[in-house]
>>> print(open('data-v7.txt').read())   # compact mmCIF, C-alpha atoms
# COMPACT_ATOMS: atom_id res chain seq x y z
CA MET O 25 -0.79 9.11 -83.39
CA THR O 26 0.35 11.13 -80.43
CA ALA O 27 1.67 9.60 -77.24
CA ILE O 28 -1.46 10.64 -75.33
CA ASN O 29 -3.69 8.97 -77.88
CA LEU O 30 -1.62 5.77 -77.74
CA ALA O 31 -1.82 5.76 -73.95
CA LYS O 32 -5.59 6.30 -74.02
CA GLU O 33 -6.02 3.47 -76.54
CA GLY O 34 -3.96 0.97 -74.55
CA LEU O 35 -5.17 1.82 -71.07
CA TRP O 36 -8.84 2.47 -71.71
CA LYS O 37 -10.46 2.89 -75.13
CA ASN O 38 -8.94 -0.20 -76.74
CA ASN O 39 -7.78 -2.07 -73.62
CA PRO O 40 -6.62 -5.55 -74.68
CA ALA O 41 -8.46 -7.35 -71.88
CA LEU O 42 -11.65 -5.30 -71.54
CA VAL O 43 -12.33 -4.22 -75.13
CA GLN O 44 -10.34 -6.39 -77.52
CA LEU O 45 -10.92 -9.43 -75.27
CA LEU O 46 -7.54 -10.82 -76.27
CA GLY O 47 -5.25 -12.96 -74.15
CA LEU O 48 -8.13 -14.37 -72.13
CA CYS O 49 -6.46 -17.72 -71.44
CA PRO O 50 -3.61 -16.36 -69.27
CA LEU O 51 -5.89 -13.60 -67.97
CA LEU O 52 -8.42 -16.07 -66.62
CA ALA O 53 -5.93 -18.70 -65.50
CA THR O 54 -3.48 -16.60 -63.47
CA SER O 55 -5.79 -13.94 -62.02
CA ASN O 56 -6.64 -15.88 -58.83
CA SER O 57 -4.11 -13.99 -56.71
CA PHE O 58 -2.38 -10.62 -56.75
CA ALA O 59 1.12 -12.12 -56.90
CA THR O 60 0.53 -14.44 -59.87
CA SER O 61 -1.28 -11.61 -61.68
CA LEU O 62 1.68 -9.31 -61.15
CA GLY O 63 4.14 -12.01 -62.28
CA LEU O 64 2.34 -12.88 -65.50
CA GLY O 65 1.25 -9.28 -66.19
CA LEU O 66 4.79 -7.94 -65.94
CA THR O 67 6.16 -10.79 -68.09
CA THR O 68 3.53 -10.07 -70.75
CA LEU O 69 4.27 -6.33 -70.59
CA VAL O 70 8.00 -6.88 -71.12
CA VAL O 71 7.52 -9.41 -73.93
CA LEU O 72 4.92 -7.22 -75.68
CA THR O 73 7.13 -4.12 -75.54
CA LEU O 74 10.22 -5.97 -76.79
CA SER O 75 8.36 -7.80 -79.55
CA ASN O 76 6.71 -4.57 -80.78
CA PHE O 77 10.12 -2.88 -80.80
CA THR O 78 11.79 -5.71 -82.71
CA ILE O 79 9.01 -6.21 -85.23
CA SER O 80 8.96 -2.49 -85.96
CA LEU O 81 12.75 -2.61 -86.33
CA VAL O 82 12.70 -5.36 -88.98
CA ARG O 83 9.45 -4.32 -90.68
CA GLY O 84 11.32 -3.00 -93.75
CA LEU O 85 12.89 -6.42 -94.38
CA LEU O 86 9.66 -8.36 -94.54
CA ASP O 87 7.21 -9.16 -97.34
CA ASP O 88 3.58 -10.18 -97.10
CA GLU O 89 4.55 -13.86 -97.35
CA THR O 90 7.12 -13.88 -94.56
CA ARG O 91 5.70 -11.29 -92.19
CA LEU O 92 3.52 -13.51 -89.99
CA PRO O 93 6.03 -16.36 -89.48
CA VAL O 94 8.72 -13.84 -88.51
CA GLN O 95 6.35 -12.11 -86.07
CA ILE O 96 5.59 -15.43 -84.38
CA LEU O 97 9.30 -16.25 -84.35
CA VAL O 98 10.14 -12.96 -82.63
CA ILE O 99 7.35 -13.37 -80.06
CA ALA O 100 8.32 -16.99 -79.33
CA THR O 101 11.97 -15.97 -78.90
CA PHE O 102 11.12 -13.30 -76.35
CA VAL O 103 8.75 -15.61 -74.49
CA THR O 104 11.48 -18.25 -74.23
CA LEU O 105 13.93 -15.60 -73.01
CA ALA O 106 11.38 -14.45 -70.43
CA ASP O 107 10.83 -18.04 -69.33
CA LEU O 108 14.57 -18.59 -68.83
CA SER O 109 14.92 -15.26 -67.02
CA LEU O 110 12.11 -16.16 -64.63
CA GLN O 111 13.76 -19.49 -63.84
CA TYR O 112 17.04 -17.64 -63.34
CA TRP O 113 15.82 -14.90 -60.99
CA PHE O 114 12.41 -15.96 -59.66
CA PHE O 115 12.43 -19.75 -59.59
CA ASP O 116 9.67 -20.07 -56.97
CA MET O 117 7.40 -17.72 -58.88
CA HIS O 118 8.16 -19.75 -62.02
CA GLN O 119 6.86 -22.84 -60.21
CA ARG O 120 3.49 -21.04 -59.91
CA ILE O 121 3.13 -19.34 -63.29
CA GLY O 122 5.73 -21.16 -65.43
CA LEU O 123 3.18 -23.24 -67.31
CA PHE O 124 1.36 -20.07 -68.36
CA VAL O 125 4.47 -18.17 -69.42
CA ALA O 126 4.83 -20.45 -72.44
CA LEU O 127 1.21 -19.65 -73.28
CA ILE O 128 2.09 -15.95 -73.73
CA VAL O 129 3.06 -16.98 -77.28
CA THR O 130 -0.59 -17.73 -77.91
CA ASN O 131 -1.74 -14.48 -76.30
CA CYS O 132 -3.44 -12.82 -79.27
CA THR O 133 -2.64 -9.38 -77.87
CA LEU O 134 0.98 -9.86 -78.93
CA LEU O 135 0.39 -10.99 -82.49
CA GLY O 136 -2.50 -8.51 -82.71
CA ARG O 137 -0.29 -5.53 -81.83
CA ALA O 138 2.56 -6.84 -83.99
CA GLU O 139 0.34 -7.16 -87.04
CA ALA O 140 -2.00 -4.20 -86.48
CA PHE O 141 0.52 -1.67 -85.22
CA ALA O 142 4.22 -2.53 -85.07
CA SER O 143 4.51 -3.76 -88.66
CA LYS O 144 3.16 -0.42 -89.93
CA ASN O 145 4.59 2.18 -87.54
CA PRO O 146 7.97 3.63 -86.57
CA ILE O 147 10.03 2.15 -83.76
CA ILE O 148 9.35 4.70 -81.02
CA SER O 149 5.56 4.73 -81.32
CA SER O 150 5.48 0.92 -81.69
CA THR O 151 7.48 0.45 -78.51
CA PHE O 152 5.25 2.94 -76.71
CA ASP O 153 2.16 1.17 -78.03
CA GLY O 154 3.50 -2.14 -76.65
CA LEU O 155 4.21 -0.50 -73.31
CA MET O 156 0.71 0.99 -73.07
CA MET O 157 -1.15 -2.13 -74.26
CA GLY O 158 0.96 -4.21 -71.85
CA THR O 159 0.21 -1.81 -69.00
CA GLY O 160 -3.51 -1.92 -69.82
CA PHE O 161 -3.38 -5.73 -69.69
CA LEU O 162 -1.34 -5.68 -66.47
CA LEU O 163 -3.76 -3.29 -64.74
CA VAL O 164 -6.83 -5.41 -65.56
CA LEU O 165 -4.96 -8.54 -64.46
CA LEU O 166 -3.97 -6.87 -61.16
CA LEU O 167 -7.51 -5.64 -60.55
CA MET O 168 -8.89 -9.13 -61.15
CA GLY O 169 -6.18 -10.70 -59.00
CA THR O 170 -6.95 -8.34 -56.14
CA ILE O 171 -10.72 -8.85 -56.30
CA ARG O 172 -10.52 -12.62 -56.67
CA GLU O 173 -7.94 -13.04 -53.91
CA ILE O 174 -9.78 -10.85 -51.39
CA VAL O 175 -13.27 -12.17 -52.10
CA GLY O 176 -12.31 -15.73 -53.00
CA ASN O 177 -9.74 -16.47 -50.30
CA GLY O 178 -9.97 -13.59 -47.81
CA THR O 179 -6.26 -12.84 -48.24
CA LEU O 180 -4.10 -10.39 -50.18
CA PHE O 181 -0.48 -10.45 -51.38
CA THR O 182 -0.03 -14.21 -50.69
CA ASN O 183 3.27 -15.38 -52.23
CA LEU O 184 4.16 -11.83 -53.23
CA HIS O 185 7.49 -12.26 -51.43
CA LEU O 186 8.47 -14.81 -54.10
CA LEU O 187 8.67 -11.88 -56.55
CA THR O 188 9.99 -9.14 -54.32
CA GLY O 189 12.46 -11.17 -52.28
CA THR O 190 11.27 -9.52 -49.05
CA PRO O 191 9.73 -11.31 -46.02
CA ASP O 192 6.22 -12.73 -46.37
CA MET O 193 3.77 -9.83 -46.69
CA SER O 194 0.46 -11.63 -47.03
CA ILE O 195 -2.51 -10.08 -45.25
CA GLN O 196 -5.36 -12.10 -43.80
CA ILE O 197 -8.52 -10.07 -44.37
CA ALA O 198 -11.20 -12.66 -43.60
CA ASP O 199 -11.13 -16.19 -42.19
CA SER O 200 -12.44 -17.70 -45.40
CA GLY O 201 -13.73 -16.50 -48.71
CA PHE O 202 -16.43 -16.95 -51.28
CA LEU O 203 -14.70 -19.87 -52.96
CA LEU O 204 -16.52 -19.49 -56.29
CA LEU O 205 -14.46 -16.42 -57.15
CA ALA O 206 -11.20 -18.28 -56.60
CA LEU O 207 -12.27 -21.10 -58.95
CA PRO O 208 -12.16 -20.81 -62.79
CA PRO O 209 -15.83 -19.70 -63.20
CA GLY O 210 -15.04 -16.81 -60.83
CA ALA O 211 -12.58 -15.48 -63.39
CA PHE O 212 -15.32 -15.22 -66.01
CA LEU O 213 -17.72 -13.60 -63.54
CA THR O 214 -15.13 -11.05 -62.41
CA LEU O 215 -14.10 -10.19 -65.96
CA GLY O 216 -17.77 -9.84 -66.96
CA CYS O 217 -18.39 -7.44 -64.06
CA LEU O 218 -15.31 -5.38 -64.97
CA ILE O 219 -16.43 -5.11 -68.61
CA ALA O 220 -19.90 -4.09 -67.44
CA CYS O 221 -18.38 -1.42 -65.13
CA LYS O 222 -16.29 -0.07 -68.00
CA ASN O 223 -19.35 0.14 -70.25
CA VAL O 224 -21.32 1.97 -67.54
CA ILE O 225 -18.49 4.49 -67.09
CA ASP O 226 -18.22 4.94 -70.86
CA GLY O 227 -21.96 5.51 -71.06
CA ALA O 228 -21.85 8.08 -68.27
CA LEU O 229 -18.95 9.90 -69.94
CA ARG O 230 -20.84 10.08 -73.22
CA MET V 15 17.22 -14.10 -113.18
CA ASN V 16 15.67 -11.13 -111.41
CA ILE V 17 12.74 -13.20 -110.23
CA HIS V 18 15.18 -15.73 -108.79
CA ALA V 19 17.19 -13.08 -107.00
CA ALA V 20 14.03 -11.63 -105.47
CA THR V 21 12.89 -15.08 -104.33
CA TYR V 22 16.25 -15.80 -102.75
CA MET V 23 16.13 -12.51 -100.88
CA LYS V 24 12.65 -13.37 -99.62
CA ILE V 25 13.99 -16.62 -98.18
CA LEU V 26 17.31 -15.22 -97.01
CA LYS V 27 15.96 -12.41 -94.80
CA PRO V 28 13.71 -14.54 -92.56
CA THR V 29 16.44 -17.19 -92.44
CA LEU V 30 18.94 -14.66 -91.10
CA LEU V 31 16.41 -13.39 -88.57
CA ALA V 32 15.71 -16.96 -87.45
CA LEU V 33 19.45 -17.58 -87.07
CA THR V 34 19.80 -14.44 -84.95
CA CYS V 35 16.95 -15.60 -82.71
CA ALA V 36 18.49 -19.08 -82.41
CA LEU V 37 21.88 -17.64 -81.45
CA LEU V 38 20.30 -15.35 -78.87
CA LEU V 39 18.42 -18.28 -77.32
CA ALA V 40 21.46 -20.56 -77.35
CA PHE V 41 23.58 -17.89 -75.67
CA THR V 42 20.94 -17.17 -72.99
CA ASN V 43 20.45 -20.87 -72.33
CA GLN V 44 24.20 -21.34 -71.91
CA PHE V 45 24.38 -18.37 -69.56
CA THR V 46 21.41 -19.29 -67.34
CA GLN V 47 21.72 -23.10 -67.28
CA VAL V 48 23.94 -23.53 -64.21
CA THR V 49 21.89 -21.18 -62.00
CA ILE V 50 18.59 -22.68 -63.13
CA GLU V 51 19.83 -26.19 -62.32
CA SER V 52 20.99 -25.11 -58.88
CA ASN V 53 17.63 -23.35 -58.31
CA GLN V 54 15.90 -26.63 -59.21
CA ARG V 55 18.12 -28.54 -56.76
CA HIS V 56 17.37 -26.07 -53.96
CA TYR V 57 13.69 -26.38 -54.68
CA GLU V 58 13.89 -30.18 -54.53
CA GLU V 59 15.80 -30.04 -51.26
CA ARG V 60 13.08 -27.83 -49.78
CA VAL V 61 10.37 -30.24 -50.96
CA LEU V 62 12.38 -33.11 -49.42
CA ARG V 63 12.59 -31.34 -46.07
CA GLU V 64 8.83 -30.70 -46.16
CA MET V 65 8.19 -34.36 -46.94
CA VAL V 66 10.20 -35.72 -44.01
CA ASN V 67 8.86 -33.10 -41.60
CA GLY V 68 11.97 -32.58 -39.51
CA ALA V 69 13.50 -36.07 -39.74
CA ALA V 70 17.14 -36.44 -40.80
CA LEU V 71 18.04 -37.20 -44.41
CA GLU V 72 21.04 -39.07 -45.72
CA LYS V 73 21.84 -39.50 -49.39
CA SER V 74 21.98 -43.10 -50.60
CA ALA V 75 22.74 -44.72 -53.94
CA SER V 76 19.19 -44.54 -55.23
CA GLY V 77 17.77 -41.62 -53.23
CA TYR V 78 17.62 -40.71 -49.56
CA ARG V 79 17.38 -42.58 -46.27
CA VAL V 80 15.16 -40.99 -43.63
CA TYR V 81 16.17 -41.24 -39.95
CA ARG V 82 14.28 -40.29 -36.81
CA ASN V 83 16.11 -40.52 -33.45
CA GLY V 84 18.92 -42.50 -35.08
CA THR V 85 16.80 -45.30 -36.57
CA GLN V 86 15.88 -45.50 -40.21
CA ILE V 87 12.16 -45.01 -40.71
CA GLY V 88 12.00 -45.02 -44.48
CA THR V 89 13.37 -43.88 -47.81
CA ILE V 90 12.66 -41.21 -50.40
CA GLU V 91 13.10 -42.36 -53.96
CA PRO V 92 13.28 -40.00 -56.92
CA PHE V 93 11.64 -41.29 -60.08
CA ILE V 94 11.33 -39.82 -63.56
CA THR V 95 8.59 -41.04 -65.86
CA THR V 96 8.43 -40.22 -69.55
CA ARG V 97 4.87 -41.45 -69.93
CA GLY V 98 3.23 -38.08 -69.20
CA TYR V 99 1.06 -36.25 -71.69
CA ASN V 100 3.78 -33.72 -72.48
CA GLY V 101 7.37 -34.38 -71.49
CA GLN V 102 8.77 -35.97 -68.38
CA ILE V 103 7.37 -35.89 -64.84
CA ASP V 104 9.82 -35.85 -61.92
CA LEU V 105 8.53 -37.45 -58.71
CA LEU V 106 9.77 -37.86 -55.16
CA ILE V 107 8.22 -40.86 -53.41
CA ALA V 108 8.57 -41.30 -49.64
CA LEU V 109 8.18 -44.90 -48.41
CA THR V 110 8.22 -46.49 -44.95
CA SER V 111 10.62 -49.35 -44.26
CA ASN V 112 7.86 -51.86 -45.14
CA ARG V 113 7.40 -50.04 -48.45
CA GLU V 114 4.16 -48.28 -47.74
CA VAL V 115 3.72 -44.86 -49.37
CA ILE V 116 4.09 -41.93 -46.95
CA SER V 117 3.76 -39.13 -49.48
CA VAL V 118 4.44 -38.26 -53.11
CA ARG V 119 5.46 -34.91 -54.62
CA VAL V 120 5.86 -33.75 -58.22
CA THR V 121 8.95 -31.55 -58.56
CA HIS V 122 8.84 -30.96 -62.31
CA HIS V 123 6.32 -31.51 -65.09
CA GLU V 124 5.06 -29.96 -68.31
CA GLU V 125 1.47 -31.24 -68.27
CA THR V 126 -1.45 -29.15 -69.52
CA PRO V 127 -2.03 -25.99 -67.41
CA GLY V 128 -5.39 -26.09 -65.67
CA ILE V 129 -5.92 -29.83 -66.32
CA GLY V 130 -2.84 -32.02 -65.86
CA ASP V 131 -1.27 -29.64 -63.34
CA LYS V 132 -3.65 -31.00 -60.68
CA ILE V 133 -0.87 -33.50 -59.87
CA GLU V 134 0.93 -30.63 -58.07
CA GLN V 135 0.05 -30.46 -54.41
CA ASP V 136 -0.24 -26.66 -54.64
CA VAL V 137 -2.99 -27.01 -57.24
CA SER V 138 -5.10 -29.89 -55.89
CA GLY V 139 -5.07 -32.60 -53.28
CA TRP V 140 -5.07 -35.39 -55.87
CA ILE V 141 -1.54 -36.56 -55.03
CA HIS V 142 -2.51 -37.21 -51.37
CA GLN V 143 -4.64 -40.27 -52.25
CA PHE V 144 -1.47 -42.38 -52.52
CA ALA V 145 -0.57 -42.00 -48.84
CA GLY V 146 -0.81 -45.26 -46.91
CA ARG V 147 -0.97 -47.51 -49.98
CA SER V 148 1.43 -50.35 -50.69
CA ALA V 149 2.02 -52.78 -53.55
CA HIS V 150 -0.29 -55.50 -52.18
CA ASP V 151 -3.30 -53.72 -50.69
CA THR V 152 -4.05 -51.65 -53.78
CA ASN V 153 -5.07 -52.36 -57.36
CA TRP V 154 -2.69 -49.94 -59.08
CA MET V 155 -5.00 -49.15 -61.98
CA LEU V 156 -7.20 -46.12 -62.51
CA SER V 157 -10.78 -46.48 -61.35
CA PRO V 158 -13.23 -47.98 -62.28
CA GLY V 159 -10.84 -50.89 -63.05
CA GLY V 160 -8.60 -50.12 -60.09
CA ASP V 161 -8.40 -48.21 -56.82
CA ILE V 162 -6.88 -44.91 -58.02
CA ASP V 163 -9.11 -41.97 -58.94
CA ALA V 164 -8.03 -40.26 -62.15
CA ILE V 165 -8.08 -36.50 -62.74
CA SER V 166 -10.92 -35.92 -65.17
CA GLY V 167 -9.56 -34.75 -68.50
CA ALA V 168 -6.05 -35.89 -67.61
CA THR V 169 -6.18 -39.69 -67.79
CA ILE V 170 -2.73 -40.01 -69.37
CA THR V 171 -1.14 -37.78 -66.73
CA SER V 172 -2.91 -39.65 -63.92
CA ARG V 173 -1.87 -43.01 -65.35
CA ALA V 174 1.76 -41.89 -65.72
CA VAL V 175 2.01 -40.85 -62.06
CA THR V 176 0.10 -43.93 -60.80
CA SER V 177 2.18 -46.43 -62.76
CA ALA V 178 5.40 -44.64 -61.76
CA ILE V 179 4.54 -45.10 -58.06
CA ALA V 180 3.48 -48.71 -58.66
CA GLU V 181 6.78 -49.35 -60.40
CA VAL V 182 8.81 -47.92 -57.52
CA LEU V 183 6.79 -50.02 -55.03
CA SER V 184 7.33 -53.25 -56.97
CA GLU V 185 11.13 -52.78 -57.07
>>> encode(input="data-v7.txt", output="structure tokens")
Amino acid sequence: MTAINLAKEGLWKNNPALVQLLGLCPLLATSNSFATSLGLGLTTLVVLTLSNFTISLVRGLLDDETRLPVQILVIATFVTLADLSLQYWFFDMHQRIGLFVALIVTNCTLLGRAEAFASKNPIISSTFDGLMMGTGFLLVLLLMGTIREIVGNGTLFTNLHLLTGTPDMSIQIADSGFLLLALPPGAFLTLGCLIACKNVIDGALR
Amino acid sequence: MNIHAATYMKILKPTLLALTCALLLAFTNQFTQVTIESNQRHYEERVLREMVNGAALEKSASGYRVYRNGTQIGTIEPFITTRGYNGQIDLLIALTSNREVISVRVTHHEETPGIGDKIEQDVSGWIHQFAGRSAHDTNWMLSPGGDIDAISGATITSRAVTSAIAEVLSE
């Protein structure tokens, strides 16, 4: 597959969050603000790219019997490394999303890409596939975080300074918000609307 | 013989990969440990300052003494309970001089995301219900048997925090 095809698959046609509906647990749990979305989205992107690279690298060594355990091992290793790195550089952000970082292991997008793509394809295209799938996931997460934070709380970029290390850059847009969107059911509603929008656009394009 | 050799190879390769992963993790842990611990300490100090709201702190044998205008108004006692649902829960408990709870904060826990994490003050206001309580005026059991409201779905977590505070108060 060409690079353009891989990019199209990850970002739109086969987007992990909107089409494959994988990794919903972290997607729904951390999408209540822009900053947490960015934190978890970037962590997932890095882990997915590295795990795809590594699994493609060792794919020649593995048999049918040992493939899955090794894939989980590789993913778990990178998630633990990401968790330690977050505590090392972004401790305050880790206080917010730390519990969900460990759950990246159970994000089916990672094992899905490892098994469906990286274990069958060369290193460069596997790494690129991880990068694109991760970016697709990150973009949906960011979109949800933005919508839910603005509508649910009337703010944007709260706590973003914990990631960037700059002064507080939160913006107060409204005095209060439509609380439902900030609560867990709001995540399902937002995701449902996004999927519906994507289907409408797809229909119009066809 | 050949079958054996093939089987051994099948076991050997994942074993070597697992060893590589373990070494990588051990090395990273070694490298990051000191900074992570100091980050945790800084975080706790910030939580402490928030809890005392401008009053002066002095380290004591068991925790901290809190002073306002030169007189001691209370103490902050750290407590670690291992009775959580998943791993230990680190608490800071601020008490007045007559051992009434001023406030409680959780500084570290590994409870279930979305359920047990309601003990954090950033997630829900659950932890505020302990303010103003003391050993005698409260039945330190979860409701309906006692006076403390549990987090629904996280009874073990709620009980761990409640009994930890009760234990500190009864000391």
>>> closest_atom_pairs(input="data-v7.txt", of="chain O", to="chain V", cutoff="7 Å", atoms="only C-alpha atoms", output="Markdown table")
| residue | atom | partner | partner_atom | distance |
| --- | --- | --- | --- | --- |
| O:Leu85 | CA | V:Lys27 | CA | 6.7 |
| O:Thr90 | CA | V:Pro28 | CA | 6.9 |
| O:Val94 | CA | V:Pro28 | CA | 6.5 |
| O:Thr101 | CA | V:Cys35 | CA | 6.3 |
| O:Leu105 | CA | V:Leu39 | CA | 6.8 |
| O:Gln111 | CA | V:Ile50 | CA | 5.8 |
| O:Tyr112 | CA | V:Ile50 | CA | 5.3 |
| O:Phe115 | CA | V:Asn53 | CA | 6.5 |
| O:Leu123 | CA | V:Pro127 | CA | 5.9 |
| O:Phe124 | CA | V:Pro127 | CA | 6.9 |
>>> residues_around(input="data-v7.txt", residues="range 162-173 of chain O", least_positions_apart="6", cutoff="6 Å", atoms="all atoms listed in the file", output="ChimeraX atom specification")
/O:55-58,61,65,179-180,205-206
>>> atom_distance(input="data-v7.txt", atom1="CA of Gly146 in chain V", atom2="CA of Ile94 in chain V")
21.3 Å
>>> atom_distance(input="data-v7.txt", atom1="CA of Ser75 in chain O", atom2="CA of Ile99 in chain O")
5.7 Å
>>> residues_around(input="data-v7.txt", residues="Ile219 in chain O", least_positions_apart="2", cutoff="12 Å", atoms="all atoms listed in the file", output="PyMOL selection string")
chain O and resi 36-37+39-45+164+168+212-217+221-226
>>> write_last_selection(input="data-v7.txt", atoms="C-alpha atoms", output="compact mmCIF listing (two decimals), in the coordinates of the input")
# COMPACT_ATOMS: atom_id res chain seq x y z
CA TRP O 36 -8.84 2.47 -71.71
CA LYS O 37 -10.46 2.89 -75.13
CA ASN O 39 -7.78 -2.07 -73.62
CA PRO O 40 -6.62 -5.55 -74.68
CA ALA O 41 -8.46 -7.35 -71.88
CA LEU O 42 -11.65 -5.30 -71.54
CA VAL O 43 -12.33 -4.22 -75.13
CA GLN O 44 -10.34 -6.39 -77.52
CA LEU O 45 -10.92 -9.43 -75.27
CA VAL O 164 -6.83 -5.41 -65.56
CA MET O 168 -8.89 -9.13 -61.15
CA PHE O 212 -15.32 -15.22 -66.01
CA LEU O 213 -17.72 -13.60 -63.54
CA THR O 214 -15.13 -11.05 -62.41
CA LEU O 215 -14.10 -10.19 -65.96
CA GLY O 216 -17.77 -9.84 -66.96
CA CYS O 217 -18.39 -7.44 -64.06
CA CYS O 221 -18.38 -1.42 -65.13
CA LYS O 222 -16.29 -0.07 -68.00
CA ASN O 223 -19.35 0.14 -70.25
CA VAL O 224 -21.32 1.97 -67.54
CA ILE O 225 -18.49 4.49 -67.09
CA ASP O 226 -18.22 4.94 -70.86
>>> atom_distance(input="data-v7.txt", atom1="CA of Ser109 in chain O", atom2="CA of Ser150 in chain O")
23.8 Å
>>> residues_around(input="data-v7.txt", residues="Pro50 in chain O", least_positions_apart="4", cutoff="8 Å", atoms="only C-alpha atoms", output="number ranges by chain")
O: 54-55, 64, 124, 127-128, 131
>>> write_last_selection(input="data-v7.txt", atoms="C-alpha atoms", output="PDB file, in the coordinates of the input")
ATOM      1  CA  THR O  54      -3.480 -16.600 -63.470  1.00  0.00           C
ATOM      2  CA  SER O  55      -5.790 -13.940 -62.020  1.00  0.00           C
ATOM      3  CA  LEU O  64       2.340 -12.880 -65.500  1.00  0.00           C
ATOM      4  CA  PHE O 124       1.360 -20.070 -68.360  1.00  0.00           C
ATOM      5  CA  LEU O 127       1.210 -19.650 -73.280  1.00  0.00           C
ATOM      6  CA  ILE O 128       2.090 -15.950 -73.730  1.00  0.00           C
ATOM      7  CA  ASN O 131      -1.740 -14.480 -76.300  1.00  0.00           C
TER       8      ASN O 131
END
>>> residues_around(input="data-v7.txt", residues="Ala70 in chain V", least_positions_apart="3", cutoff="7 Å", atoms="only C-alpha atoms", output="number ranges by chain")
V: 80-82
>>> closest_residue(input="data-v7.txt", among="O:Thr26, O:Ser143, O:Asn183, O:Thr60", to="Gly84 in chain O", atoms="all atoms listed in the file")
O:Ser143
>>> residues_around(input="data-v7.txt", residues="Ile195 in chain O", least_positions_apart="2", cutoff="10 Å", atoms="only C-alpha atoms", output="VMD selection string")
chain O and resid 174 178 to 182 192 to 193 197 to 198
>>> residues_near_point(input="data-v7.txt", point="(-2.8, -44.0, -49.2)", cutoff="12 Å", atoms="only C-alpha atoms", output="list in words")
Ala108, Leu109, Arg113, Glu114, Val115, Ile116, Ser117, Val118, Trp140, Ile141, His142, Gln143, Phe144, Ala145, Gly146, Arg147, Ser148, Ala149, Asp151, Thr152, Asn153, Trp154, Asp161, Ile162, Asp163, Thr176 and Ile179 of chain V
